[in-house]
$ cat coords-v4.cif   # mmCIF, C-alpha atoms (C1' of nucleotides)
data_protein
loop_
_atom_site.label_atom_id
_atom_site.label_comp_id
_atom_site.auth_asym_id
_atom_site.auth_seq_id
_atom_site.Cartn_x
_atom_site.Cartn_y
_atom_site.Cartn_z
CA MET A 297 2.00 -10.56 31.54
CA ASN A 298 -1.09 -9.69 33.48
CA ASP A 299 -4.23 -11.82 33.55
CA LYS A 300 -6.18 -9.53 31.28
CA THR A 301 -3.64 -9.92 28.52
CA ASN A 302 -3.71 -13.68 28.80
CA LYS A 303 -7.46 -13.69 28.80
CA ASN A 304 -7.60 -11.59 25.64
CA LEU A 305 -5.39 -14.09 23.88
CA LYS A 306 -7.29 -17.12 25.10
CA GLU A 307 -10.53 -15.61 23.95
CA ALA A 308 -9.05 -15.19 20.51
CA GLY A 309 -8.07 -18.85 20.49
CA LEU A 310 -4.39 -18.00 20.61
CA LYS A 311 -1.95 -19.62 22.97
CA ALA A 312 -0.41 -17.20 25.43
CA THR A 313 3.12 -17.24 24.08
CA LEU A 314 5.82 -14.75 24.91
CA PRO A 315 5.86 -12.98 21.52
CA ARG A 316 2.10 -12.54 21.55
CA ILE A 317 2.00 -11.35 25.14
CA LYS A 318 4.81 -8.86 24.63
CA ILE A 319 3.41 -7.51 21.40
CA LEU A 320 0.02 -7.05 22.99
CA GLU A 321 1.64 -5.25 25.90
CA ILE A 322 3.45 -2.88 23.61
CA LEU A 323 0.21 -2.09 21.84
CA GLN A 324 -1.59 -1.55 25.14
CA ARG A 325 1.18 0.50 26.68
CA THR A 326 0.30 3.49 24.57
CA SER A 327 -3.38 2.83 24.24
CA GLY A 328 -5.24 6.10 24.14
CA THR A 329 -2.27 8.25 23.27
CA ASP A 330 -2.89 8.25 19.55
CA ASP A 331 0.00 5.98 18.75
CA HIS A 332 0.17 3.79 15.71
CA PHE A 333 2.85 1.21 15.09
CA THR A 334 4.44 -0.38 12.06
CA ALA A 335 5.51 -4.02 12.34
CA GLU A 336 9.06 -2.73 12.34
CA ASP A 337 8.35 -0.36 15.26
CA ILE A 338 7.13 -3.25 17.35
CA TYR A 339 9.98 -5.45 16.25
CA LYS A 340 12.54 -2.85 17.33
CA GLU A 341 10.77 -2.30 20.63
CA LEU A 342 10.97 -6.03 21.31
CA ILE A 343 14.67 -6.19 20.46
CA ILE A 344 15.42 -3.19 22.68
CA ASN A 345 13.74 -4.98 25.56
CA ASN A 346 15.79 -8.08 24.86
CA TYR A 347 13.03 -10.23 23.45
CA ASP A 348 14.47 -12.03 20.46
CA VAL A 349 11.37 -12.23 18.35
CA GLY A 350 11.61 -12.50 14.60
CA LEU A 351 10.14 -9.85 12.35
CA ALA A 352 8.16 -12.56 10.58
CA THR A 353 6.55 -13.47 13.87
CA VAL A 354 5.56 -9.88 14.49
CA TYR A 355 3.79 -9.87 11.16
CA ARG A 356 2.13 -13.20 11.87
CA VAL A 357 0.98 -12.12 15.29
CA LEU A 358 -0.34 -8.79 14.06
CA THR A 359 -2.29 -10.56 11.33
CA GLN A 360 -3.73 -12.95 13.89
CA PHE A 361 -4.63 -10.04 16.13
CA GLU A 362 -6.29 -8.33 13.22
CA ASN A 363 -8.34 -11.41 12.40
CA ALA A 364 -9.28 -11.70 16.06
CA GLY A 365 -10.41 -8.08 16.07
CA ILE A 366 -7.78 -7.12 18.65
CA VAL A 367 -6.05 -4.64 16.39
CA VAL A 368 -6.92 -2.62 13.32
CA LYS A 369 -4.59 -2.15 10.39
CA HIS A 370 -4.32 1.19 8.63
CA GLN A 371 -2.47 2.37 5.59
CA PHE A 372 -1.94 6.11 5.79
CA ASP A 373 1.17 5.98 3.71
CA VAL A 374 1.57 3.89 0.58
CA ASN A 375 3.76 0.83 1.25
CA LYS A 376 3.67 1.05 5.01
CA SER A 377 0.96 -0.30 7.30
CA VAL A 378 0.35 0.72 10.87
CA TYR A 379 -1.54 -1.08 13.61
CA GLU A 380 -3.44 0.13 16.63
CA LEU A 381 -5.57 -1.53 19.29
CA ASN A 382 -9.11 -1.91 18.10
CA ASP A 383 -11.09 0.89 19.62
CA PRO A 384 -14.67 -0.37 20.02
CA GLN A 385 -15.65 3.17 19.15
CA HIS A 386 -14.69 3.44 15.51
CA HIS A 387 -12.73 6.54 14.60
CA ASP A 388 -10.95 8.15 11.70
CA HIS A 389 -7.57 9.83 11.40
CA MET A 390 -5.93 13.01 10.31
CA VAL A 391 -2.25 12.92 9.48
CA CYS A 392 -0.06 16.00 9.63
CA VAL A 393 1.94 16.06 6.39
CA ASP A 394 4.77 17.95 8.09
CA THR A 395 5.25 16.04 11.31
CA GLY A 396 3.50 12.74 10.62
CA GLU A 397 1.52 13.28 13.79
CA ILE A 398 -1.74 11.34 13.86
CA THR A 399 -4.92 12.69 15.42
CA GLU A 400 -8.03 10.61 15.86
CA PHE A 401 -11.53 11.92 15.46
CA ASN A 402 -15.05 10.73 15.12
CA ASP A 403 -18.00 12.36 13.45
CA ASP A 404 -21.48 10.93 13.22
CA ALA A 405 -22.71 13.41 10.64
CA ILE A 406 -20.14 12.15 8.16
CA LYS A 407 -20.90 8.52 8.99
CA ASN A 408 -24.57 9.02 8.35
CA LYS A 409 -24.00 10.89 5.13
CA GLN A 410 -21.83 8.03 3.92
CA ARG A 411 -24.53 5.45 4.60
CA GLU A 412 -26.96 7.69 2.80
CA ILE A 413 -24.73 8.04 -0.26
CA ALA A 414 -24.09 4.31 -0.44
CA ALA A 415 -27.83 3.65 -0.22
CA GLU A 416 -28.49 6.11 -3.04
CA HIS A 417 -26.35 3.90 -5.26
CA GLY A 418 -28.07 0.71 -4.13
CA TYR A 419 -25.30 -0.27 -1.76
CA GLU A 420 -24.97 -1.15 1.87
CA LEU A 421 -22.02 0.46 3.67
CA LEU A 422 -19.80 -2.26 5.15
CA ASP A 423 -16.69 -0.35 5.99
CA GLN A 424 -15.02 2.90 5.28
CA SER A 425 -11.65 4.56 5.26
CA LEU A 426 -11.27 8.26 5.80
CA VAL A 427 -7.95 10.01 6.20
CA LEU A 428 -7.45 13.75 6.27
CA TYR A 429 -4.04 15.09 5.27
CA VAL A 430 -3.52 18.31 7.14
CA LYS A 431 -0.99 20.86 8.32
CA LYS A 432 -0.87 23.08 11.36
CA ILE A 433 -2.39 26.51 10.90
CA LYS A 434 0.24 29.19 11.42
CA LYS A 435 -0.60 32.01 13.78
CA MET B 859 -2.31 10.52 -31.50
CA ASN B 860 -4.56 13.53 -31.82
CA ASP B 861 -3.45 17.10 -31.30
CA LYS B 862 -5.06 17.43 -27.93
CA THR B 863 -3.03 14.54 -26.58
CA ASN B 864 0.18 16.05 -27.86
CA LYS B 865 -0.72 19.39 -26.43
CA ASN B 866 -1.40 17.90 -23.01
CA LEU B 867 2.05 16.37 -22.98
CA LYS B 868 3.81 19.48 -24.19
CA GLU B 869 2.11 21.54 -21.54
CA ALA B 870 3.41 19.14 -18.95
CA GLY B 871 6.92 19.57 -20.31
CA LEU B 872 7.02 16.01 -21.54
CA LYS B 873 8.17 15.05 -25.00
CA ALA B 874 5.46 13.46 -27.12
CA THR B 875 6.86 9.95 -27.26
CA LEU B 876 4.98 6.86 -28.31
CA PRO B 877 4.72 5.29 -24.84
CA ARG B 878 3.40 8.49 -23.34
CA ILE B 879 0.94 9.11 -26.13
CA LYS B 880 -0.40 5.56 -26.04
CA ILE B 881 -0.69 5.47 -22.27
CA LEU B 882 -2.55 8.75 -22.28
CA GLU B 883 -4.87 7.43 -24.97
CA ILE B 884 -5.67 4.34 -22.94
CA LEU B 885 -6.48 6.48 -19.96
CA GLN B 886 -8.67 8.77 -22.04
CA ARG B 887 -10.39 5.94 -23.86
CA THR B 888 -12.46 5.10 -20.83
CA SER B 889 -12.66 8.54 -19.34
CA GLY B 890 -15.99 9.01 -17.66
CA THR B 891 -16.83 5.34 -17.39
CA ASP B 892 -15.51 4.91 -13.87
CA ASP B 893 -12.49 2.92 -14.91
CA HIS B 894 -9.35 2.75 -12.87
CA PHE B 895 -6.15 1.12 -14.05
CA THR B 896 -3.17 -0.52 -12.43
CA ALA B 897 0.21 -0.11 -14.08
CA GLU B 898 -0.07 -3.74 -15.07
CA ASP B 899 -3.47 -3.17 -16.71
CA ILE B 900 -2.02 -0.48 -18.90
CA TYR B 901 1.08 -2.52 -19.63
CA LYS B 902 -1.03 -5.47 -20.82
CA GLU B 903 -3.22 -3.21 -22.92
CA LEU B 904 -0.11 -1.86 -24.63
CA ILE B 905 1.25 -5.32 -25.32
CA ILE B 906 -2.08 -6.48 -26.72
CA ASN B 907 -2.01 -3.57 -29.13
CA ASN B 908 1.53 -4.46 -30.16
CA TYR B 909 3.30 -1.61 -28.47
CA ASP B 910 6.41 -3.04 -26.87
CA VAL B 911 6.63 -0.75 -23.90
CA GLY B 912 8.39 -1.86 -20.74
CA LEU B 913 6.51 -2.11 -17.46
CA ALA B 914 9.12 0.18 -15.91
CA THR B 915 8.27 2.81 -18.47
CA VAL B 916 4.59 2.56 -17.65
CA TYR B 917 5.43 3.26 -14.02
CA ARG B 918 7.72 6.14 -14.96
CA VAL B 919 5.15 7.69 -17.25
CA LEU B 920 2.34 7.34 -14.74
CA THR B 921 4.48 8.98 -12.10
CA GLN B 922 5.28 11.83 -14.48
CA PHE B 923 1.59 12.18 -15.29
CA GLU B 924 0.80 12.25 -11.62
CA ASN B 925 3.34 14.99 -10.98
CA ALA B 926 1.96 16.90 -13.94
CA GLY B 927 -1.54 16.59 -12.53
CA ILE B 928 -2.74 14.59 -15.53
CA VAL B 929 -3.64 11.54 -13.49
CA VAL B 930 -4.47 10.77 -9.87
CA LYS B 931 -3.18 7.75 -8.05
CA HIS B 932 -5.41 5.81 -5.64
CA GLN B 933 -4.85 2.93 -3.33
CA PHE B 934 -8.11 1.15 -2.68
CA ASP B 935 -6.43 -2.14 -2.05
CA VAL B 936 -3.30 -2.57 0.01
CA ASN B 937 -0.29 -3.23 -2.24
CA LYS B 938 -1.92 -2.22 -5.49
CA SER B 939 -2.26 1.29 -6.88
CA VAL B 940 -4.71 2.41 -9.53
CA TYR B 941 -4.62 5.48 -11.73
CA GLU B 942 -7.34 7.55 -13.35
CA LEU B 943 -7.41 10.76 -15.35
CA ASN B 944 -7.48 13.76 -13.07
CA ASP B 945 -11.04 14.92 -12.87
CA PRO B 946 -10.97 18.68 -12.22
CA GLN B 947 -14.02 18.04 -10.09
CA HIS B 948 -12.62 16.10 -7.15
CA HIS B 949 -14.54 12.99 -6.23
CA ASP B 950 -14.41 10.03 -3.90
CA HIS B 951 -14.96 6.33 -4.46
CA MET B 952 -16.98 3.43 -3.24
CA VAL B 953 -15.67 -0.06 -3.95
CA CYS B 954 -17.93 -3.09 -4.06
CA VAL B 955 -16.24 -5.76 -1.96
CA ASP B 956 -17.89 -8.52 -4.01
CA THR B 957 -17.30 -7.36 -7.57
CA GLY B 958 -14.53 -4.79 -7.20
CA GLU B 959 -16.71 -2.36 -9.09
CA ILE B 960 -15.83 1.26 -8.44
CA THR B 961 -18.41 4.03 -8.23
CA GLU B 962 -17.48 7.67 -8.01
CA PHE B 963 -19.36 10.20 -5.95
CA ASN B 964 -19.03 13.68 -4.65
CA ASP B 965 -20.55 15.27 -1.58
CA ASP B 966 -20.03 18.82 -0.44
CA ALA B 967 -21.57 18.32 2.98
CA ILE B 968 -18.87 15.79 3.84
CA LYS B 969 -16.12 18.03 2.41
CA ASN B 970 -17.24 20.94 4.52
CA LYS B 971 -17.52 18.86 7.65
CA GLN B 972 -13.98 17.64 7.10
CA ARG B 973 -12.60 21.14 6.83
CA GLU B 974 -14.50 22.01 9.97
CA ILE B 975 -13.10 19.07 11.90
CA ALA B 976 -9.55 19.80 10.81
CA ALA B 977 -9.97 23.42 11.86
CA GLU B 978 -11.25 22.35 15.28
CA HIS B 979 -7.91 20.63 15.81
CA GLY B 980 -5.92 23.62 14.60
CA TYR B 981 -5.25 22.16 11.17
CA GLU B 982 -5.79 23.20 7.61
CA LEU B 983 -7.17 20.49 5.33
CA LEU B 984 -4.78 19.89 2.43
CA ASP B 985 -6.03 16.66 1.02
CA GLN B 986 -8.25 13.79 1.89
CA SER B 987 -8.90 10.19 1.08
CA LEU B 988 -12.32 8.66 1.47
CA VAL B 989 -13.22 5.18 0.33
CA LEU B 990 -16.46 3.40 1.10
CA TYR B 991 -16.42 -0.39 1.06
CA VAL B 992 -19.89 -1.51 0.09
CA LYS B 993 -21.97 -4.38 -1.22
CA LYS B 994 -25.10 -4.47 -3.32
CA ILE B 995 -28.34 -4.49 -1.40
CA LYS B 996 -30.27 -7.69 -2.09
CA LYS B 997 -33.88 -7.34 -3.06
"C1'" DA C 1179 23.84 17.24 -31.66
"C1'" DT C 1180 22.26 16.70 -27.11
"C1'" DG C 1181 19.59 15.70 -23.56
"C1'" DC C 1182 15.42 13.59 -22.44
"C1'" DT C 1183 13.44 8.61 -22.85
"C1'" DT C 1184 13.33 3.90 -22.99
"C1'" DG C 1185 14.00 -1.28 -22.30
"C1'" DC C 1186 16.17 -4.51 -19.73
"C1'" DA C 1187 17.49 -6.63 -15.73
"C1'" DA C 1188 18.80 -6.16 -11.31
"C1'" DA C 1189 17.72 -3.98 -6.89
"C1'" DC C 1190 14.41 -2.65 -3.40
"C1'" DG C 1191 11.40 -2.84 0.72
"C1'" DG C 1192 7.64 -4.38 3.03
"C1'" DT C 1193 5.43 -8.63 3.73
"C1'" DT C 1194 4.76 -13.73 3.42
"C1'" DT C 1195 6.07 -18.53 3.54
"C1'" DG C 1196 8.54 -23.31 3.94
"C1'" DC C 1197 10.71 -25.81 7.05
"C1'" DA C 1198 12.80 -27.82 11.03
"C1'" DC C 1199 12.99 -26.82 15.80
"C1'" DG C 1200 10.77 -25.18 20.12
"C1'" DT C 1201 6.90 -24.52 23.49
"C1'" DG C 1202 2.22 -24.08 25.77
"C1'" DT C 1203 -1.49 -26.90 27.37
"C1'" DA D 403 2.56 -36.00 23.76
"C1'" DC D 404 1.05 -33.17 20.10
"C1'" DA D 405 -0.65 -29.51 17.89
"C1'" DC D 406 0.38 -25.06 17.62
"C1'" DG D 407 3.96 -21.43 17.44
"C1'" DT D 408 8.53 -19.62 16.22
"C1'" DG D 409 13.11 -18.19 14.03
"C1'" DC D 410 15.56 -18.10 10.02
"C1'" DA D 411 16.29 -17.45 5.37
"C1'" DA D 412 14.45 -17.51 1.09
"C1'" DA D 413 10.60 -16.25 -1.76
"C1'" DC D 414 7.20 -12.76 -3.18
"C1'" DC D 415 5.41 -8.89 -5.63
"C1'" DG D 416 4.62 -4.35 -6.81
"C1'" DT D 417 7.57 -0.71 -7.76
"C1'" DT D 418 12.04 1.73 -8.60
"C1'" DT D 419 16.60 2.40 -10.51
"C1'" DG D 420 21.31 2.06 -13.10
"C1'" DC D 421 22.84 1.78 -17.40
"C1'" DA D 422 23.65 1.72 -22.27
"C1'" DA D 423 21.12 2.43 -26.38
"C1'" DG D 424 17.39 5.20 -28.83
"C1'" DC D 425 14.60 8.96 -30.09
"C1'" DA D 426 12.33 13.89 -30.20
"C1'" DT D 427 13.51 18.47 -30.97
#
$ encode --input "coords-v4.cif" --output "structure tokens"
Amino acid sequence: MNDKTNKNLKEAGLKATLPRIKILEILQRTSGTDDHFTAEDIYKELIINNYDVGLATVYRVLTQFENAGIVVKHQFDVNKSVYELNDPQHHDHMVCVDTGEITEFNDDAIKNKQREIAAEHGYELLDQSLVLYVKKIKK
Amino acid sequence: MNDKTNKNLKEAGLKATLPRIKILEILQRTSGTDDHFTAEDIYKELIINNYDVGLATVYRVLTQFENAGIVVKHQFDVNKSVYELNDPQHHDHMVCVDTGEITEFNDDAIKNKQREIAAEHGYELLDQSLVLYVKKIKK
DNA sequence: ATGCTTGCAAACGGTTTGCACGTGT
DNA sequence: ACACGTGCAAACCGTTTGCAAGCAT
């Protein structure tokens, strides 16, 4: 419930309500530690901490946050979306097929090559989704 | 209902039934023309051609084809999967956000860079999903 | 003949929505 | 005060599944 959180919400044109504040806090709590949440994850976290927020509200808030550019929605797995705070520095993800662990990475060479390929086909690159499915190398 | 179609099914350990044969034919009909189908697309196509196949069967058959490596399933849009014949030469896709048009491409430089990045994190690259969201460049 | 296949309808699971009540500004 | 926000339950929609009947081999 710090000032920064409230300010973020105000800037997005969203009233600083308890569900929004708490959801934002949960997202921020793990910022930087490569954590990605489903709506359900956040919902459960709220319930555990005794905030009776409806699952529908979590979805609504996350959608609002997404529109406001506060969070980014990913779909690593079919029929399950995950959200993370919007990192101003865009990055991609690799998902371990064994553990589900998510690692973020960023590579300019790939980005540039993508723009190049799009241009070759007469297109402008607006957005992109890259997910690597990997497994740990055994020693 | 040609021999090749029947052979493909047999090899996959699937009986050559009418739904399977017709679905495979629909998929092959547009092979090479960058066409990607939803289960619904195929279902409608069957109905139009007077084959009373259930939507559930289309899903079952597509899943069997996927397991058999005959088709590949993609998810360009959240909550809608598309299928295409499995191109032995793996390729990626760019989707025009305006028209929905899908263009296939293939780039070894990107593939190699991906393997490299995975390795840097102690991972082996098993699979990958790359989709470019693009729009036509105006003249 | 027998076991794989199918159509139908009902179930599923994540997500969205209508509505009446509640709350921030 | 008043518009915006919320909880609840029902609706949604693509996909899956149980079951009894139907085919390929």
$ closest_residue --input "coords-v4.cif" --among "A:Thr353, A:Thr334, A:Ser425, A:Asn363" --to "D:DG409" --atoms "all atoms listed in the file"
A:Thr353
$ resolve_selection --input "coords-v4.cif" --expression "the PyMOL selection byres ((chain B) within 9 of (chain C))" --output "list in words"
Leu872, Lys873, Thr875, Pro877, Val911, Gly912, Leu913, Ala914 and Thr915 of chain B
$ resolve_selection --input "coords-v4.cif" --expression "the PyMOL selection byres ((chain A) within 10 of (chain B))" --output "PDB file with C-alpha atoms, in the frame of the given file"
ATOM      1  CA  HIS A 370      -4.320   1.190   8.630  1.00  0.00           C
ATOM      2  CA  GLN A 371      -2.470   2.370   5.590  1.00  0.00           C
ATOM      3  CA  PHE A 372      -1.940   6.110   5.790  1.00  0.00           C
ATOM      4  CA  ASP A 373       1.170   5.980   3.710  1.00  0.00           C
ATOM      5  CA  VAL A 374       1.570   3.890   0.580  1.00  0.00           C
ATOM      6  CA  ASN A 375       3.760   0.830   1.250  1.00  0.00           C
ATOM      7  CA  LYS A 376       3.670   1.050   5.010  1.00  0.00           C
ATOM      8  CA  SER A 377       0.960  -0.300   7.300  1.00  0.00           C
ATOM      9  CA  MET A 390      -5.930  13.010  10.310  1.00  0.00           C
ATOM     10  CA  VAL A 391      -2.250  12.920   9.480  1.00  0.00           C
ATOM     11  CA  CYS A 392      -0.060  16.000   9.630  1.00  0.00           C
ATOM     12  CA  VAL A 393       1.940  16.060   6.390  1.00  0.00           C
ATOM     13  CA  THR A 399      -4.920  12.690  15.420  1.00  0.00           C
ATOM     14  CA  PHE A 401     -11.530  11.920  15.460  1.00  0.00           C
ATOM     15  CA  ASN A 402     -15.050  10.730  15.120  1.00  0.00           C
ATOM     16  CA  ASP A 403     -18.000  12.360  13.450  1.00  0.00           C
ATOM     17  CA  ALA A 405     -22.710  13.410  10.640  1.00  0.00           C
ATOM     18  CA  ILE A 406     -20.140  12.150   8.160  1.00  0.00           C
ATOM     19  CA  LYS A 407     -20.900   8.520   8.990  1.00  0.00           C
ATOM     20  CA  ASN A 408     -24.570   9.020   8.350  1.00  0.00           C
ATOM     21  CA  LYS A 409     -24.000  10.890   5.130  1.00  0.00           C
ATOM     22  CA  GLN A 410     -21.830   8.030   3.920  1.00  0.00           C
ATOM     23  CA  ARG A 411     -24.530   5.450   4.600  1.00  0.00           C
ATOM     24  CA  ILE A 413     -24.730   8.040  -0.260  1.00  0.00           C
ATOM     25  CA  ALA A 414     -24.090   4.310  -0.440  1.00  0.00           C
ATOM     26  CA  ALA A 415     -27.830   3.650  -0.220  1.00  0.00           C
ATOM     27  CA  HIS A 417     -26.350   3.900  -5.260  1.00  0.00           C
ATOM     28  CA  GLY A 418     -28.070   0.710  -4.130  1.00  0.00           C
ATOM     29  CA  TYR A 419     -25.300  -0.270  -1.760  1.00  0.00           C
ATOM     30  CA  GLU A 420     -24.970  -1.150   1.870  1.00  0.00           C
ATOM     31  CA  LEU A 421     -22.020   0.460   3.670  1.00  0.00           C
ATOM     32  CA  LEU A 422     -19.800  -2.260   5.150  1.00  0.00           C
ATOM     33  CA  ASP A 423     -16.690  -0.350   5.990  1.00  0.00           C
ATOM     34  CA  GLN A 424     -15.020   2.900   5.280  1.00  0.00           C
ATOM     35  CA  SER A 425     -11.650   4.560   5.260  1.00  0.00           C
ATOM     36  CA  LEU A 426     -11.270   8.260   5.800  1.00  0.00           C
ATOM     37  CA  VAL A 427      -7.950  10.010   6.200  1.00  0.00           C
ATOM     38  CA  LEU A 428      -7.450  13.750   6.270  1.00  0.00           C
ATOM     39  CA  TYR A 429      -4.040  15.090   5.270  1.00  0.00           C
ATOM     40  CA  VAL A 430      -3.520  18.310   7.140  1.00  0.00           C
ATOM     41  CA  LYS A 431      -0.990  20.860   8.320  1.00  0.00           C
ATOM     42  CA  LYS A 432      -0.870  23.080  11.360  1.00  0.00           C
ATOM     43  CA  ILE A 433      -2.390  26.510  10.900  1.00  0.00           C
ATOM     44  CA  LYS A 434       0.240  29.190  11.420  1.00  0.00           C
ATOM     45  CA  LYS A 435      -0.600  32.010  13.780  1.00  0.00           C
TER      46      LYS A 435
END
$ resolve_selection --input "coords-v4.cif" --expression "the PyMOL selection byres ((chain D) within 8 of (chain A))" --output "ChimeraX atom specification"
/D:406-409
$ calpha_fit_and_write --input "coords-v4.cif" --fixed "chain B" --moving "chain A" --output "short mmCIF file (atom, residue, chain, number, x, y, z; two decimals) with C-alpha atoms, in the coordinates of the input"
data_model
loop_
_atom_site.label_atom_id
_atom_site.label_comp_id
_atom_site.auth_asym_id
_atom_site.auth_seq_id
_atom_site.Cartn_x
_atom_site.Cartn_y
_atom_site.Cartn_z
CA MET A 297 -2.24 10.58 -31.53
CA ASN A 298 -4.52 13.55 -31.82
CA ASP A 299 -3.42 17.14 -31.28
CA LYS A 300 -5.06 17.44 -27.90
CA THR A 301 -3.03 14.57 -26.54
CA ASN A 302 0.20 16.07 -27.81
CA LYS A 303 -0.71 19.42 -26.39
CA ASN A 304 -1.40 17.93 -22.96
CA LEU A 305 2.04 16.39 -22.94
CA LYS A 306 3.81 19.51 -24.14
CA GLU A 307 2.11 21.54 -21.47
CA ALA A 308 3.43 19.14 -18.88
CA GLY A 309 6.93 19.59 -20.25
CA LEU A 310 7.03 16.03 -21.52
CA LYS A 311 8.16 15.08 -24.98
CA ALA A 312 5.43 13.49 -27.06
CA THR A 313 6.85 9.99 -27.22
CA LEU A 314 4.98 6.90 -28.29
CA PRO A 315 4.72 5.31 -24.82
CA ARG A 316 3.40 8.51 -23.30
CA ILE A 317 0.93 9.14 -26.10
CA LYS A 318 -0.40 5.59 -26.02
CA ILE A 319 -0.70 5.48 -22.27
CA LEU A 320 -2.55 8.77 -22.25
CA GLU A 321 -4.88 7.46 -24.94
CA ILE A 322 -5.66 4.37 -22.95
CA LEU A 323 -6.48 6.49 -19.93
CA GLN A 324 -8.67 8.79 -22.01
CA ARG A 325 -10.41 5.99 -23.85
CA THR A 326 -12.47 5.13 -20.83
CA SER A 327 -12.66 8.56 -19.32
CA GLY A 328 -15.98 9.01 -17.62
CA THR A 329 -16.83 5.34 -17.38
CA ASP A 330 -15.55 4.89 -13.87
CA ASP A 331 -12.52 2.92 -14.89
CA HIS A 332 -9.36 2.74 -12.88
CA PHE A 333 -6.17 1.12 -14.06
CA THR A 334 -3.19 -0.54 -12.43
CA ALA A 335 0.20 -0.10 -14.10
CA GLU A 336 -0.08 -3.73 -15.09
CA ASP A 337 -3.49 -3.17 -16.74
CA ILE A 338 -2.02 -0.47 -18.92
CA TYR A 339 1.06 -2.51 -19.64
CA LYS A 340 -1.04 -5.45 -20.85
CA GLU A 341 -3.24 -3.18 -22.93
CA LEU A 342 -0.13 -1.82 -24.65
CA ILE A 343 1.24 -5.29 -25.34
CA ILE A 344 -2.10 -6.45 -26.76
CA ASN A 345 -2.03 -3.53 -29.16
CA ASN A 346 1.50 -4.42 -30.18
CA TYR A 347 3.28 -1.56 -28.48
CA ASP A 348 6.39 -3.00 -26.89
CA VAL A 349 6.62 -0.73 -23.91
CA GLY A 350 8.37 -1.86 -20.76
CA LEU A 351 6.52 -2.12 -17.48
CA ALA A 352 9.12 0.15 -15.92
CA THR A 353 8.27 2.81 -18.47
CA VAL A 354 4.60 2.56 -17.64
CA TYR A 355 5.44 3.24 -14.03
CA ARG A 356 7.72 6.11 -14.95
CA VAL A 357 5.16 7.67 -17.23
CA LEU A 358 2.35 7.31 -14.72
CA THR A 359 4.50 8.96 -12.06
CA GLN A 360 5.29 11.80 -14.44
CA PHE A 361 1.61 12.15 -15.27
CA GLU A 362 0.81 12.23 -11.59
CA ASN A 363 3.36 14.95 -10.95
CA ALA A 364 1.98 16.88 -13.90
CA GLY A 365 -1.52 16.58 -12.47
CA ILE A 366 -2.73 14.58 -15.48
CA VAL A 367 -3.64 11.53 -13.46
CA VAL A 368 -4.47 10.75 -9.86
CA LYS A 369 -3.19 7.71 -8.02
CA HIS A 370 -5.41 5.78 -5.65
CA GLN A 371 -4.84 2.88 -3.34
CA PHE A 372 -8.11 1.11 -2.68
CA ASP A 373 -6.44 -2.18 -2.06
CA VAL A 374 -3.27 -2.62 -0.03
CA ASN A 375 -0.27 -3.29 -2.30
CA LYS A 376 -1.94 -2.27 -5.52
CA SER A 377 -2.28 1.25 -6.89
CA VAL A 378 -4.72 2.39 -9.53
CA TYR A 379 -4.63 5.47 -11.73
CA GLU A 380 -7.34 7.54 -13.33
CA LEU A 381 -7.41 10.76 -15.33
CA ASN A 382 -7.48 13.73 -13.05
CA ASP A 383 -11.04 14.90 -12.86
CA PRO A 384 -10.95 18.65 -12.20
CA GLN A 385 -14.00 18.01 -10.08
CA HIS A 386 -12.60 16.07 -7.16
CA HIS A 387 -14.53 12.96 -6.24
CA ASP A 388 -14.41 10.00 -3.91
CA HIS A 389 -14.96 6.30 -4.46
CA MET A 390 -16.97 3.39 -3.24
CA VAL A 391 -15.67 -0.09 -3.93
CA CYS A 392 -17.93 -3.11 -4.03
CA VAL A 393 -16.25 -5.80 -1.92
CA ASP A 394 -17.89 -8.55 -3.97
CA THR A 395 -17.32 -7.41 -7.52
CA GLY A 396 -14.54 -4.84 -7.16
CA GLU A 397 -16.73 -2.42 -9.06
CA ILE A 398 -15.83 1.21 -8.42
CA THR A 399 -18.41 3.98 -8.22
CA GLU A 400 -17.49 7.63 -8.00
CA PHE A 401 -19.36 10.17 -5.96
CA ASN A 402 -19.03 13.65 -4.65
CA ASP A 403 -20.56 15.24 -1.60
CA ASP A 404 -20.05 18.80 -0.48
CA ALA A 405 -21.56 18.30 2.95
CA ILE A 406 -18.86 15.80 3.82
CA LYS A 407 -16.13 18.01 2.37
CA ASN A 408 -17.23 20.94 4.46
CA LYS A 409 -17.51 18.88 7.61
CA GLN A 410 -13.97 17.65 7.06
CA ARG A 411 -12.60 21.18 6.77
CA GLU A 412 -14.49 22.05 9.90
CA ILE A 413 -13.08 19.11 11.85
CA ALA A 414 -9.53 19.84 10.73
CA ALA A 415 -9.95 23.48 11.77
CA GLU A 416 -11.21 22.41 15.19
CA HIS A 417 -7.87 20.71 15.73
CA GLY A 418 -5.88 23.70 14.50
CA TYR A 419 -5.25 22.22 11.08
CA GLU A 420 -5.78 23.23 7.51
CA LEU A 421 -7.19 20.50 5.25
CA LEU A 422 -4.79 19.90 2.34
CA ASP A 423 -6.05 16.66 0.95
CA GLN A 424 -8.26 13.80 1.85
CA SER A 425 -8.91 10.19 1.05
CA LEU A 426 -12.32 8.66 1.45
CA VAL A 427 -13.21 5.17 0.33
CA LEU A 428 -16.45 3.39 1.11
CA TYR A 429 -16.42 -0.41 1.07
CA VAL A 430 -19.88 -1.54 0.12
CA LYS A 431 -21.98 -4.40 -1.18
CA LYS A 432 -25.10 -4.49 -3.29
CA ILE A 433 -28.34 -4.50 -1.35
CA LYS A 434 -30.29 -7.68 -2.06
CA LYS A 435 -33.91 -7.31 -3.05
#
$ atom_distance --input "coords-v4.cif" --atom1 "atom CA of A:Tyr355" --atom2 "atom CA of A:Lys318"
13.5 Å
$ atom_distance --input "coords-v4.cif" --atom1 "atom CA of B:His894" --atom2 "atom CA of A:Glu416"
21.8 Å
$ atom_distance --input "coords-v4.cif" --atom1 "atom CA of B:Leu885" --atom2 "atom C1' of D:DT418"
22.2 Å
